[in-house]
$ cat upload_27.pdb   # PDB, C-alpha atoms
MODEL        1
ATOM      1  CA  MET T 217      36.528 -35.227  18.248
ATOM      2  CA  GLN T 218      37.349 -31.906  16.529
ATOM      3  CA  TYR T 219      33.834 -30.493  16.687
ATOM      4  CA  GLU T 220      34.860 -27.111  15.254
ATOM      5  CA  LEU T 221      35.537 -28.678  11.855
ATOM      6  CA  ILE T 222      32.287 -30.591  11.618
ATOM      7  CA  THR T 223      29.395 -29.245   9.567
ATOM      8  CA  ASP T 224      26.052 -28.307  11.105
ATOM      9  CA  ALA T 225      24.335 -31.153   9.267
ATOM     10  CA  THR T 226      26.688 -33.747  10.780
ATOM     11  CA  LEU T 227      26.321 -32.254  14.250
ATOM     12  CA  VAL T 228      22.525 -32.341  13.924
ATOM     13  CA  SER T 229      22.718 -35.952  12.861
ATOM     14  CA  CYS T 230      25.006 -36.793  15.846
ATOM     15  CA  TYR T 231      22.609 -35.010  18.207
ATOM     16  CA  ILE T 232      19.607 -36.927  16.875
ATOM     17  CA  LYS T 233      21.549 -40.132  17.506
ATOM     18  CA  GLY T 234      22.028 -39.100  21.146
ATOM     19  CA  ASP T 235      25.284 -37.131  21.254
ATOM     20  CA  GLU T 236      24.330 -34.255  23.589
ATOM     21  CA  SER T 237      27.671 -32.487  23.162
ATOM     22  CA  ALA T 238      26.836 -31.900  19.482
ATOM     23  CA  LEU T 239      24.025 -29.580  20.568
ATOM     24  CA  GLU T 240      26.416 -27.613  22.744
ATOM     25  CA  VAL T 241      28.675 -27.035  19.747
ATOM     26  CA  LEU T 242      25.737 -25.973  17.585
ATOM     27  CA  ILE T 243      24.467 -23.518  20.204
ATOM     28  CA  LYS T 244      27.910 -22.059  20.868
ATOM     29  CA  ARG T 245      28.521 -21.757  17.135
ATOM     30  CA  HIS T 246      25.329 -19.838  16.416
ATOM     31  CA  LYS T 247      24.346 -18.201  19.698
ATOM     32  CA  GLN T 248      25.616 -14.750  18.802
ATOM     33  CA  LYS T 249      23.861 -14.589  15.432
ATOM     34  CA  VAL T 250      20.571 -15.870  16.800
ATOM     35  CA  TYR T 251      20.644 -13.684  19.921
ATOM     36  CA  SER T 252      21.669 -10.533  17.999
ATOM     37  CA  PHE T 253      18.899 -11.128  15.480
ATOM     38  CA  ILE T 254      16.304 -11.408  18.260
ATOM     39  CA  TYR T 255      17.700  -8.400  20.130
ATOM     40  CA  SER T 256      17.653  -6.301  16.950
ATOM     41  CA  LYS T 257      13.884  -6.826  16.856
ATOM     42  CA  VAL T 258      12.873  -6.524  20.494
ATOM     43  CA  TYR T 259      15.545  -4.176  21.934
ATOM     44  CA  ASP T 260      15.166  -5.752  25.357
ATOM     45  CA  LYS T 261      17.805  -8.076  26.768
ATOM     46  CA  ASP T 262      15.446 -10.032  29.030
ATOM     47  CA  VAL T 263      12.893 -10.575  26.266
ATOM     48  CA  ALA T 264      15.676 -11.527  23.844
ATOM     49  CA  GLU T 265      16.956 -14.008  26.414
ATOM     50  CA  ASP T 266      13.480 -15.579  26.759
ATOM     51  CA  ILE T 267      12.944 -15.818  23.012
ATOM     52  CA  PHE T 268      16.432 -17.272  22.527
ATOM     53  CA  GLN T 269      15.622 -19.946  25.123
ATOM     54  CA  ASP T 270      12.217 -20.729  23.572
ATOM     55  CA  THR T 271      13.839 -20.950  20.134
ATOM     56  CA  PHE T 272      16.253 -23.658  21.204
ATOM     57  CA  ILE T 273      13.614 -25.505  23.224
ATOM     58  CA  LYS T 274      11.619 -25.713  20.004
ATOM     59  CA  VAL T 275      14.729 -26.824  18.107
ATOM     60  CA  ILE T 276      15.432 -29.566  20.678
ATOM     61  CA  ARG T 277      11.847 -30.841  20.682
ATOM     62  CA  THR T 278      11.702 -30.943  16.891
ATOM     63  CA  LEU T 279      15.030 -32.741  16.600
ATOM     64  CA  LYS T 280      14.253 -35.269  19.334
ATOM     65  CA  LYS T 281      10.841 -36.010  17.846
ATOM     66  CA  GLY T 282      12.512 -36.710  14.517
ATOM     67  CA  ASN T 283      10.486 -34.014  12.776
ATOM     68  CA  TYR T 284      13.478 -32.145  11.335
ATOM     69  CA  ASN T 285      14.272 -32.595   7.688
ATOM     70  CA  GLU T 286      17.599 -31.545   6.350
ATOM     71  CA  GLU T 287      16.175 -29.837   3.261
ATOM     72  CA  GLY T 288      17.271 -26.422   4.339
ATOM     73  CA  LYS T 289      20.207 -25.502   6.484
ATOM     74  CA  PHE T 290      20.286 -25.556  10.252
ATOM     75  CA  LEU T 291      20.959 -21.855  10.938
ATOM     76  CA  PRO T 292      18.279 -20.453   8.572
ATOM     77  CA  TRP T 293      15.827 -22.892  10.143
ATOM     78  CA  VAL T 294      16.702 -21.698  13.669
ATOM     79  CA  MET T 295      16.475 -18.060  12.538
ATOM     80  CA  ARG T 296      13.024 -18.731  11.106
ATOM     81  CA  ILE T 297      11.871 -20.213  14.410
ATOM     82  CA  SER T 298      13.195 -17.199  16.325
ATOM     83  CA  HIS T 299      11.592 -14.840  13.811
ATOM     84  CA  ASN T 300       8.220 -16.536  14.335
ATOM     85  CA  LEU T 301       8.622 -16.329  18.098
ATOM     86  CA  VAL T 302       9.423 -12.612  17.851
ATOM     87  CA  ILE T 303       6.202 -12.134  15.873
ATOM     88  CA  ASP T 304       4.298 -14.136  18.505
ATOM     89  CA  PHE T 305       5.783 -11.917  21.200
ATOM     90  CA  PHE T 306       4.579  -8.742  19.514
ATOM     91  CA  ARG T 307       1.180 -10.277  18.861
ATOM     92  CA  LYS T 308       0.825 -11.203  22.521
ATOM     93  CA  SER T 309       2.012  -7.891  23.878
ATOM     94  CA  ASN T 310       0.070  -6.054  21.147
ATOM     95  CA  ARG T 311       2.621  -3.359  20.780
ATOM     96  CA  MET T 312       5.554  -2.420  18.654
ATOM     97  CA  PRO T 313       9.077  -2.162  20.079
ATOM     98  CA  LYS T 314       9.792   0.980  22.007
ATOM     99  CA  PHE T 315      13.216   2.011  23.142
ATOM    100  CA  ASP T 316      14.863   4.916  24.869
ATOM    101  CA  ASN T 317      18.475   4.029  24.146
ATOM    102  CA  THR T 318      19.508   4.019  27.796
ATOM    103  CA  GLY T 319      18.710   0.406  28.603
ATOM    104  CA  GLU T 320      16.718   1.578  31.618
ATOM    105  CA  PHE T 321      13.026   1.124  32.239
ATOM    106  CA  SER T 322      10.917   3.978  30.960
ATOM    107  CA  ILE T 323       7.377   4.543  32.124
ATOM    108  CA  PHE T 324       6.552   5.857  28.622
ATOM    109  CA  SER T 325       7.108   2.392  27.194
ATOM    110  CA  VAL T 326       3.916   1.287  28.934
ATOM    111  CA  LEU T 327       1.994   4.573  28.907
ATOM    112  CA  SER T 328       1.446   5.353  25.284
ATOM    113  CA  ASP T 329      -0.643   8.103  23.726
ATOM    114  CA  THR T 330      -2.820   6.461  21.118
ATOM    115  CA  SER T 331      -4.312   9.684  19.734
ATOM    116  CA  LEU T 332      -3.117  10.745  16.292
ATOM    117  CA  ASN T 333      -0.562  13.468  15.925
ATOM    118  CA  ALA T 334      -1.284  16.562  13.833
ATOM    119  CA  GLU T 335       0.121  15.118  10.591
ATOM    120  CA  ASN T 336      -1.709  11.829  10.917
ATOM    121  CA  SER T 337      -5.020  13.461  11.738
ATOM    122  CA  ILE T 338      -4.713  15.663   8.611
ATOM    123  CA  ILE T 339      -3.950  12.556   6.534
ATOM    124  CA  LYS T 340      -6.906  10.733   8.126
ATOM    125  CA  GLU T 341      -9.221  13.641   7.243
ATOM    126  CA  GLN T 342      -7.964  13.636   3.646
ATOM    127  CA  VAL T 343      -8.412   9.886   3.329
ATOM    128  CA  GLU T 344     -11.958  10.088   4.703
ATOM    129  CA  PHE T 345     -12.777  12.966   2.348
ATOM    130  CA  ASP T 346     -11.471  10.955  -0.628
ATOM    131  CA  VAL T 347     -13.469   7.896   0.410
ATOM    132  CA  ARG T 348     -16.657   9.983   0.652
ATOM    133  CA  ARG T 349     -16.035  11.333  -2.857
ATOM    134  CA  LEU T 350     -15.504   7.806  -4.174
ATOM    135  CA  VAL T 351     -18.717   6.614  -2.546
ATOM    136  CA  ASP T 352     -20.572   9.469  -4.266
ATOM    137  CA  GLU T 353     -19.447   8.032  -7.612
ATOM    138  CA  LEU T 354     -21.291   4.756  -6.982
ATOM    139  CA  PRO T 355     -24.697   3.951  -8.522
ATOM    140  CA  GLU T 356     -27.510   5.119  -6.238
ATOM    141  CA  ASP T 357     -28.721   1.644  -5.127
ATOM    142  CA  GLN T 358     -25.205   0.474  -4.189
ATOM    143  CA  LYS T 359     -24.380   3.747  -2.490
ATOM    144  CA  GLU T 360     -27.561   3.549  -0.411
ATOM    145  CA  VAL T 361     -26.730   0.050   0.914
ATOM    146  CA  LEU T 362     -23.083   0.921   1.580
ATOM    147  CA  LEU T 363     -23.955   4.068   3.546
ATOM    148  CA  MET T 364     -26.515   2.208   5.661
ATOM    149  CA  ARG T 365     -24.121  -0.668   6.362
ATOM    150  CA  ILE T 366     -20.876   1.208   6.986
ATOM    151  CA  TYR T 367     -21.917   4.673   8.211
ATOM    152  CA  ASP T 368     -25.250   3.828   9.931
ATOM    153  CA  ASP T 369     -24.074   0.380  11.045
ATOM    154  CA  LEU T 370     -27.353  -1.295  10.087
ATOM    155  CA  SER T 371     -27.599  -5.050   9.622
ATOM    156  CA  PHE T 372     -28.510  -6.440   6.187
ATOM    157  CA  LYS T 373     -31.892  -7.431   7.649
ATOM    158  CA  GLU T 374     -32.550  -3.806   8.656
ATOM    159  CA  ILE T 375     -31.307  -2.557   5.269
ATOM    160  CA  SER T 376     -33.639  -5.020   3.586
ATOM    161  CA  ASP T 377     -36.594  -3.764   5.656
ATOM    162  CA  LYS T 378     -35.800  -0.104   4.983
ATOM    163  CA  THR T 379     -35.185  -0.364   1.260
ATOM    164  CA  GLY T 380     -37.819  -3.025   0.497
ATOM    165  CA  VAL T 381     -35.388  -5.340  -1.271
ATOM    166  CA  SER T 382     -34.450  -8.879  -0.211
ATOM    167  CA  ILE T 383     -31.436  -9.518   2.038
ATOM    168  CA  ASN T 384     -29.688 -11.239  -0.856
ATOM    169  CA  THR T 385     -30.157  -8.204  -3.079
ATOM    170  CA  ALA T 386     -28.796  -5.941  -0.339
ATOM    171  CA  LEU T 387     -25.790  -8.252   0.064
ATOM    172  CA  GLY T 388     -25.249  -8.248  -3.699
ATOM    173  CA  ARG T 389     -25.402  -4.445  -3.861
ATOM    174  CA  MET T 390     -22.883  -4.177  -1.022
ATOM    175  CA  ARG T 391     -20.600  -6.603  -2.820
ATOM    176  CA  TYR T 392     -20.791  -4.667  -6.096
ATOM    177  CA  ALA T 393     -20.329  -1.389  -4.233
ATOM    178  CA  LEU T 394     -17.019  -2.684  -2.796
ATOM    179  CA  ILE T 395     -15.934  -4.143  -6.147
ATOM    180  CA  ASN T 396     -16.661  -0.841  -7.883
ATOM    181  CA  LEU T 397     -14.851   1.153  -5.220
ATOM    182  CA  ARG T 398     -11.775  -1.061  -5.638
ATOM    183  CA  LYS T 399     -11.979  -0.636  -9.425
ATOM    184  CA  ILE T 400     -12.089   3.161  -9.173
ATOM    185  CA  ILE T 401      -9.217   3.138  -6.659
ATOM    186  CA  ASP T 402      -7.093   0.905  -8.914
ATOM    187  CA  LYS T 403      -7.938   2.814 -12.073
ATOM    188  CA  HIS T 404      -6.903   6.158 -10.650
ATOM    189  CA  ASN T 405      -4.044   4.836  -8.501
ATOM    190  CA  ILE T 406      -5.557   6.395  -5.423
ATOM    191  CA  VAL T 407      -3.617   5.805  -2.213
ATOM    192  CA  LEU T 408      -5.849   5.537   0.821
ATOM    193  CA  THR T 409      -3.410   4.771   3.564
ATOM    194  CA  ASN T 410      -2.172   6.716   6.501
TER
ATOM    195  CA  MET V 131       1.980  11.285   0.556
ATOM    196  CA  ALA V 132       5.758  11.114   0.579
ATOM    197  CA  LYS V 133       7.296   9.097   3.350
ATOM    198  CA  ASN V 134      10.459  10.338   4.947
ATOM    199  CA  TYR V 135      12.868   7.848   6.407
ATOM    200  CA  PHE V 136      15.489   8.710   8.951
ATOM    201  CA  LYS V 137      18.497   6.753  10.027
ATOM    202  CA  THR V 138      17.738   5.186  13.376
ATOM    203  CA  SER V 139      19.733   6.354  16.356
ATOM    204  CA  ILE V 140      19.514   2.906  17.940
ATOM    205  CA  GLU V 141      22.760   1.009  17.844
ATOM    206  CA  THR V 142      22.981  -2.708  18.339
ATOM    207  CA  PRO V 143      26.024  -3.585  20.442
ATOM    208  CA  ASN V 144      28.474  -5.916  18.732
ATOM    209  CA  ASP V 145      29.118  -8.311  21.603
ATOM    210  CA  LEU V 146      25.561  -9.500  22.116
ATOM    211  CA  LYS V 147      25.422 -12.962  23.606
ATOM    212  CA  PRO V 148      22.903 -14.832  25.710
ATOM    213  CA  LYS V 149      23.744 -15.417  29.359
ATOM    214  CA  GLU V 150      25.706 -18.528  30.245
ATOM    215  CA  GLU V 151      22.856 -19.663  32.523
ATOM    216  CA  THR V 152      20.444 -19.566  29.574
ATOM    217  CA  ILE V 153      22.757 -21.812  27.565
ATOM    218  CA  ASN V 154      23.095 -24.167  30.539
ATOM    219  CA  PHE V 155      19.345 -24.278  30.970
ATOM    220  CA  ILE V 156      18.893 -25.236  27.309
ATOM    221  CA  LEU V 157      21.566 -27.939  27.513
ATOM    222  CA  ASN V 158      20.075 -29.360  30.714
ATOM    223  CA  TYR V 159      16.609 -29.288  29.169
ATOM    224  CA  SER V 160      17.946 -31.237  26.227
ATOM    225  CA  LYS V 161      19.507 -33.852  28.525
ATOM    226  CA  ALA V 162      16.311 -34.158  30.544
ATOM    227  CA  LEU V 163      13.971 -34.478  27.583
ATOM    228  CA  SER V 164      13.290 -37.848  26.114
ATOM    229  CA  VAL V 165      10.759 -38.662  23.455
ATOM    230  CA  ILE V 166       9.034 -42.005  23.612
ATOM    231  CA  LYS V 167       7.561 -43.194  20.363
ATOM    232  CA  SER V 168       4.648 -45.594  20.344
ATOM    233  CA  ASP V 169       2.736 -46.793  17.262
ATOM    234  CA  LYS V 170       0.963 -43.536  16.481
ATOM    235  CA  VAL V 171       1.838 -41.116  19.251
ATOM    236  CA  LYS V 172       5.045 -39.524  20.496
ATOM    237  CA  PHE V 173       5.309 -38.792  24.218
ATOM    238  CA  GLU V 174       7.613 -36.157  25.642
ATOM    239  CA  LEU V 175       9.116 -36.874  29.017
ATOM    240  CA  VAL V 176      11.077 -34.296  31.000
ATOM    241  CA  LEU V 177      13.059 -35.763  33.869
ATOM    242  CA  ASN V 178      13.972 -33.530  36.775
TER
ENDMDL
END

$ encode --input "upload_27.pdb" --output "structure tokens"
Amino acid sequence: MQYELITDATLVSCYIKGDESALEVLIKRHKQKVYSFIYSKVYDKDVAEDIFQDTFIKVIRTLKKGNYNEEGKFLPWVMRISHNLVIDFFRKSNRMPKFDNTGEFSIFSVLSDTSLNAENSIIKEQVEFDVRRLVDELPEDQKEVLLMRIYDDLSFKEISDKTGVSINTALGRMRYALINLRKIIDKHNIVLTN
Amino acid sequence: MAKNYFKTSIETPNDLKPKEETINFILNYSKALSVIKSDKVKFELVLN
């Protein structure tokens, strides 16, 4: 059979019916795109290899279980699986990709300095200063609860004891404090990100 | 604060392909895997 001329959808259908060679054609047809996509995210050949393998294992299991529906197209579906696996990889390793452009192992890829650099610490100070100014704008009762909860790290039970209001009232004041802060931030288009 | 973006110095090689052994592993896995469907459950069976 001239597999090269057959569409992905037909090959998928053949594979589901038991034609193993259809899978080989599909993999060979798309391996470069899928692998390059993964590599462009992780910048590590071994990791890319693992994610590529896991992607197609997932594809095979889904197809054999009959859970694949041909609503979308095969390649975008495979790319989406690999994209999700890349995200899982970064979640598990809890780090962002690091690269040194030489392809060799670098000790600095595992020893990272988590302290802020000069620019980021200045930005952090500015953000904190702005937040303090915004908090000062709040009504006194809301401000009191917010400061105790966020800055003093008191529980709502402790806040209730200290201020002489019920826990529900303290919760309500906290809620309104946050709503009001968001309103002020939106109204003045304040950017509080680093 | 303004954000400055720089063109990355990382280049992705053009001839990126998975290893042949990875492809073979996937194809062998596919041949070894069979799914048995009962009334409500689907069982996966991997033969060595």

$ interface_residues --input "upload_27.pdb" --of "chain V" --to "chain T" --cutoff "8 Å" --atoms "all atoms listed in the file" --output "MDAnalysis selection string"
chainID V and resid 140 142 145:149 152:153 156:157 159:161 164:165 172

$ atom_distance --input "upload_27.pdb" --atom1 "CA of Val347 (chain T)" --atom2 "CA of Asp377 (chain T)"
26.4 Å

$ residues_around --input "upload_27.pdb" --residues "Ser376 (chain T)" --least-positions-apart "4" --cutoff "10 Å" --atoms "all atoms listed in the file" --output "PDB file with C-alpha atoms, keeping the file's coordinate frame"
ATOM      1  CA  VAL T 361     -26.730   0.050   0.914  1.00  0.00           C
ATOM      2  CA  LEU T 370     -27.353  -1.295  10.087  1.00  0.00           C
ATOM      3  CA  SER T 371     -27.599  -5.050   9.622  1.00  0.00           C
ATOM      4  CA  PHE T 372     -28.510  -6.440   6.187  1.00  0.00           C
ATOM      5  CA  GLY T 380     -37.819  -3.025   0.497  1.00  0.00           C
ATOM      6  CA  VAL T 381     -35.388  -5.340  -1.271  1.00  0.00           C
ATOM      7  CA  SER T 382     -34.450  -8.879  -0.211  1.00  0.00           C
ATOM      8  CA  ILE T 383     -31.436  -9.518   2.038  1.00  0.00           C
ATOM      9  CA  ASN T 384     -29.688 -11.239  -0.856  1.00  0.00           C
ATOM     10  CA  THR T 385     -30.157  -8.204  -3.079  1.00  0.00           C
ATOM     11  CA  ALA T 386     -28.796  -5.941  -0.339  1.00  0.00           C
ATOM     12  CA  LEU T 387     -25.790  -8.252   0.064  1.00  0.00           C
TER      13      LEU T 387
END

$ residues_around --input "upload_27.pdb" --residues "region 362-365 of chain T" --least-positions-apart "4" --cutoff "12 Å" --atoms "all atoms listed in the file" --output "PyMOL selection string"
chain T and resi 347-348+350-352+354-358+369-379+386-397

$ residues_around --input "upload_27.pdb" --residues "region 289-295 of chain T" --least-positions-apart "4" --cutoff "7 Å" --atoms "all atoms listed in the file" --output "list of chain:residue names"
T:Asp224, T:Ala225, T:Val250, T:His299

$ atom_distance --input "upload_27.pdb" --atom1 "CA of Phe155 (chain V)" --atom2 "CA of Asp260 (chain T)"
19.8 Å

$ atom_distance --input "upload_27.pdb" --atom1 "CA of Ile232 (chain T)" --atom2 "CA of Glu150 (chain V)"
23.5 Å

$ closest_residue --input "upload_27.pdb" --among "T:Val241, T:Lys233, T:Asn285, T:Ile303" --to "Val258 (chain T)" --atoms "all atoms listed in the file"
T:Ile303

$ axis_aligned_box --input "upload_27.pdb" --around "region 256-270 of chain T" --padding-each-side "8 Å" --output "lines of an AutoDock Vina configuration file"
center_x = 15.0
center_y = -12.5
center_z = 22.9
size_x = 21.6
size_y = 32.6
size_z = 28.2

$ build_atoms --input "upload_27.pdb" --residues "region 356-367 of chain T" --atoms "all heavy atoms" --output "PDB file, in the coordinates of the input"
ATOM      1  N   GLU T 356     -26.695   4.752  -7.405  1.00  0.00           N
ATOM      2  CA  GLU T 356     -27.510   5.119  -6.238  1.00  0.00           C
ATOM      3  C   GLU T 356     -27.867   3.926  -5.341  1.00  0.00           C
ATOM      4  O   GLU T 356     -27.756   4.012  -4.116  1.00  0.00           O
ATOM      5  CB  GLU T 356     -28.781   5.828  -6.725  1.00  0.00           C
ATOM      6  CG  GLU T 356     -29.407   6.755  -5.700  1.00  0.00           C
ATOM      7  CD  GLU T 356     -28.443   7.782  -5.097  1.00  0.00           C
ATOM      8  OE1 GLU T 356     -27.658   8.423  -5.856  1.00  0.00           O
ATOM      9  OE2 GLU T 356     -28.446   7.914  -3.868  1.00  0.00           O
ATOM     10  N   ASP T 357     -28.290   2.785  -5.947  1.00  0.00           N
ATOM     11  CA  ASP T 357     -28.721   1.644  -5.127  1.00  0.00           C
ATOM     12  C   ASP T 357     -27.567   1.064  -4.302  1.00  0.00           C
ATOM     13  O   ASP T 357     -27.722   0.726  -3.133  1.00  0.00           O
ATOM     14  CB  ASP T 357     -29.386   0.563  -6.004  1.00  0.00           C
ATOM     15  CG  ASP T 357     -28.498   0.125  -7.157  1.00  0.00           C
ATOM     16  OD1 ASP T 357     -27.481   0.803  -7.429  1.00  0.00           O
ATOM     17  OD2 ASP T 357     -28.805  -0.901  -7.801  1.00  0.00           O
ATOM     18  N   GLN T 358     -26.372   1.006  -4.908  1.00  0.00           N
ATOM     19  CA  GLN T 358     -25.205   0.474  -4.189  1.00  0.00           C
ATOM     20  C   GLN T 358     -24.764   1.446  -3.091  1.00  0.00           C
ATOM     21  O   GLN T 358     -24.428   1.043  -1.976  1.00  0.00           O
ATOM     22  CB  GLN T 358     -24.048   0.241  -5.157  1.00  0.00           C
ATOM     23  CG  GLN T 358     -24.333  -0.860  -6.172  1.00  0.00           C
ATOM     24  CD  GLN T 358     -23.272  -0.937  -7.262  1.00  0.00           C
ATOM     25  OE1 GLN T 358     -22.163  -0.462  -7.098  1.00  0.00           O
ATOM     26  NE2 GLN T 358     -23.650  -1.525  -8.388  1.00  0.00           N
ATOM     27  N   LYS T 359     -24.797   2.713  -3.446  1.00  0.00           N
ATOM     28  CA  LYS T 359     -24.380   3.747  -2.490  1.00  0.00           C
ATOM     29  C   LYS T 359     -25.279   3.719  -1.251  1.00  0.00           C
ATOM     30  O   LYS T 359     -24.787   3.789  -0.108  1.00  0.00           O
ATOM     31  CB  LYS T 359     -24.477   5.104  -3.189  1.00  0.00           C
ATOM     32  CG  LYS T 359     -24.034   6.277  -2.350  1.00  0.00           C
ATOM     33  CD  LYS T 359     -24.060   7.522  -3.210  1.00  0.00           C
ATOM     34  CE  LYS T 359     -24.473   8.721  -2.435  1.00  0.00           C
ATOM     35  NZ  LYS T 359     -24.669   9.886  -3.289  1.00  0.00           N
ATOM     36  N   GLU T 360     -26.586   3.560  -1.505  1.00  0.00           N
ATOM     37  CA  GLU T 360     -27.561   3.549  -0.411  1.00  0.00           C
ATOM     38  C   GLU T 360     -27.244   2.414   0.592  1.00  0.00           C
ATOM     39  O   GLU T 360     -27.176   2.641   1.806  1.00  0.00           O
ATOM     40  CB  GLU T 360     -28.959   3.334  -1.012  1.00  0.00           C
ATOM     41  CG  GLU T 360     -30.093   3.427  -0.021  1.00  0.00           C
ATOM     42  CD  GLU T 360     -31.438   3.104  -0.664  1.00  0.00           C
ATOM     43  OE1 GLU T 360     -31.473   2.328  -1.643  1.00  0.00           O
ATOM     44  OE2 GLU T 360     -32.450   3.640  -0.202  1.00  0.00           O
ATOM     45  N   VAL T 361     -27.015   1.203   0.051  1.00  0.00           N
ATOM     46  CA  VAL T 361     -26.730   0.050   0.914  1.00  0.00           C
ATOM     47  C   VAL T 361     -25.412   0.255   1.667  1.00  0.00           C
ATOM     48  O   VAL T 361     -25.325   0.026   2.879  1.00  0.00           O
ATOM     49  CB  VAL T 361     -26.665  -1.263   0.081  1.00  0.00           C
ATOM     50  CG1 VAL T 361     -26.203  -2.435   0.935  1.00  0.00           C
ATOM     51  CG2 VAL T 361     -28.015  -1.568  -0.523  1.00  0.00           C
ATOM     52  N   LEU T 362     -24.400   0.727   0.952  1.00  0.00           N
ATOM     53  CA  LEU T 362     -23.083   0.921   1.580  1.00  0.00           C
ATOM     54  C   LEU T 362     -23.149   1.936   2.724  1.00  0.00           C
ATOM     55  O   LEU T 362     -22.603   1.709   3.805  1.00  0.00           O
ATOM     56  CB  LEU T 362     -22.077   1.369   0.525  1.00  0.00           C
ATOM     57  CG  LEU T 362     -20.636   1.454   1.049  1.00  0.00           C
ATOM     58  CD1 LEU T 362     -19.685   0.766   0.091  1.00  0.00           C
ATOM     59  CD2 LEU T 362     -20.190   2.880   1.248  1.00  0.00           C
ATOM     60  N   LEU T 363     -23.858   3.040   2.497  1.00  0.00           N
ATOM     61  CA  LEU T 363     -23.955   4.068   3.546  1.00  0.00           C
ATOM     62  C   LEU T 363     -24.673   3.524   4.773  1.00  0.00           C
ATOM     63  O   LEU T 363     -24.260   3.773   5.910  1.00  0.00           O
ATOM     64  CB  LEU T 363     -24.689   5.308   3.014  1.00  0.00           C
ATOM     65  CG  LEU T 363     -23.930   6.121   1.967  1.00  0.00           C
ATOM     66  CD1 LEU T 363     -24.787   7.270   1.455  1.00  0.00           C
ATOM     67  CD2 LEU T 363     -22.626   6.673   2.538  1.00  0.00           C
ATOM     68  N   MET T 364     -25.771   2.766   4.516  1.00  0.00           N
ATOM     69  CA  MET T 364     -26.515   2.208   5.661  1.00  0.00           C
ATOM     70  C   MET T 364     -25.674   1.204   6.435  1.00  0.00           C
ATOM     71  O   MET T 364     -25.709   1.160   7.662  1.00  0.00           O
ATOM     72  CB  MET T 364     -27.788   1.499   5.160  1.00  0.00           C
ATOM     73  CG  MET T 364     -28.862   2.444   4.720  1.00  0.00           C
ATOM     74  SD  MET T 364     -30.292   1.470   4.230  1.00  0.00           S
ATOM     75  CE  MET T 364     -31.402   2.746   3.703  1.00  0.00           C
ATOM     76  N   ARG T 365     -24.909   0.397   5.707  1.00  0.00           N
ATOM     77  CA  ARG T 365     -24.121  -0.668   6.362  1.00  0.00           C
ATOM     78  C   ARG T 365     -22.922  -0.093   7.099  1.00  0.00           C
ATOM     79  O   ARG T 365     -22.683  -0.396   8.256  1.00  0.00           O
ATOM     80  CB  ARG T 365     -23.648  -1.686   5.297  1.00  0.00           C
ATOM     81  CG  ARG T 365     -22.851  -2.831   5.853  1.00  0.00           C
ATOM     82  CD  ARG T 365     -23.726  -3.832   6.578  1.00  0.00           C
ATOM     83  NE  ARG T 365     -22.952  -4.762   7.371  1.00  0.00           N
ATOM     84  CZ  ARG T 365     -22.835  -4.699   8.688  1.00  0.00           C
ATOM     85  NH1 ARG T 365     -23.464  -3.768   9.381  1.00  0.00           N
ATOM     86  NH2 ARG T 365     -22.113  -5.575   9.351  1.00  0.00           N
ATOM     87  N   ILE T 366     -22.143   0.743   6.407  1.00  0.00           N
ATOM     88  CA  ILE T 366     -20.876   1.208   6.986  1.00  0.00           C
ATOM     89  C   ILE T 366     -21.065   2.420   7.904  1.00  0.00           C
ATOM     90  O   ILE T 366     -20.545   2.450   9.011  1.00  0.00           O
ATOM     91  CB  ILE T 366     -19.855   1.567   5.880  1.00  0.00           C
ATOM     92  CG1 ILE T 366     -19.642   0.377   4.940  1.00  0.00           C
ATOM     93  CG2 ILE T 366     -18.518   2.026   6.483  1.00  0.00           C
ATOM     94  CD1 ILE T 366     -18.951  -0.834   5.523  1.00  0.00           C
ATOM     95  N   TYR T 367     -21.816   3.423   7.426  1.00  0.00           N
ATOM     96  CA  TYR T 367     -21.917   4.673   8.211  1.00  0.00           C
ATOM     97  C   TYR T 367     -23.016   4.586   9.271  1.00  0.00           C
ATOM     98  O   TYR T 367     -22.860   5.078  10.383  1.00  0.00           O
ATOM     99  CB  TYR T 367     -22.153   5.867   7.290  1.00  0.00           C
ATOM    100  CG  TYR T 367     -20.924   6.208   6.474  1.00  0.00           C
ATOM    101  CD1 TYR T 367     -20.712   5.619   5.232  1.00  0.00           C
ATOM    102  CD2 TYR T 367     -19.973   7.095   6.946  1.00  0.00           C
ATOM    103  CE1 TYR T 367     -19.586   5.912   4.474  1.00  0.00           C
ATOM    104  CE2 TYR T 367     -18.838   7.397   6.214  1.00  0.00           C
ATOM    105  CZ  TYR T 367     -18.641   6.794   4.968  1.00  0.00           C
ATOM    106  OH  TYR T 367     -17.521   7.078   4.243  1.00  0.00           O
TER     107      TYR T 367
END
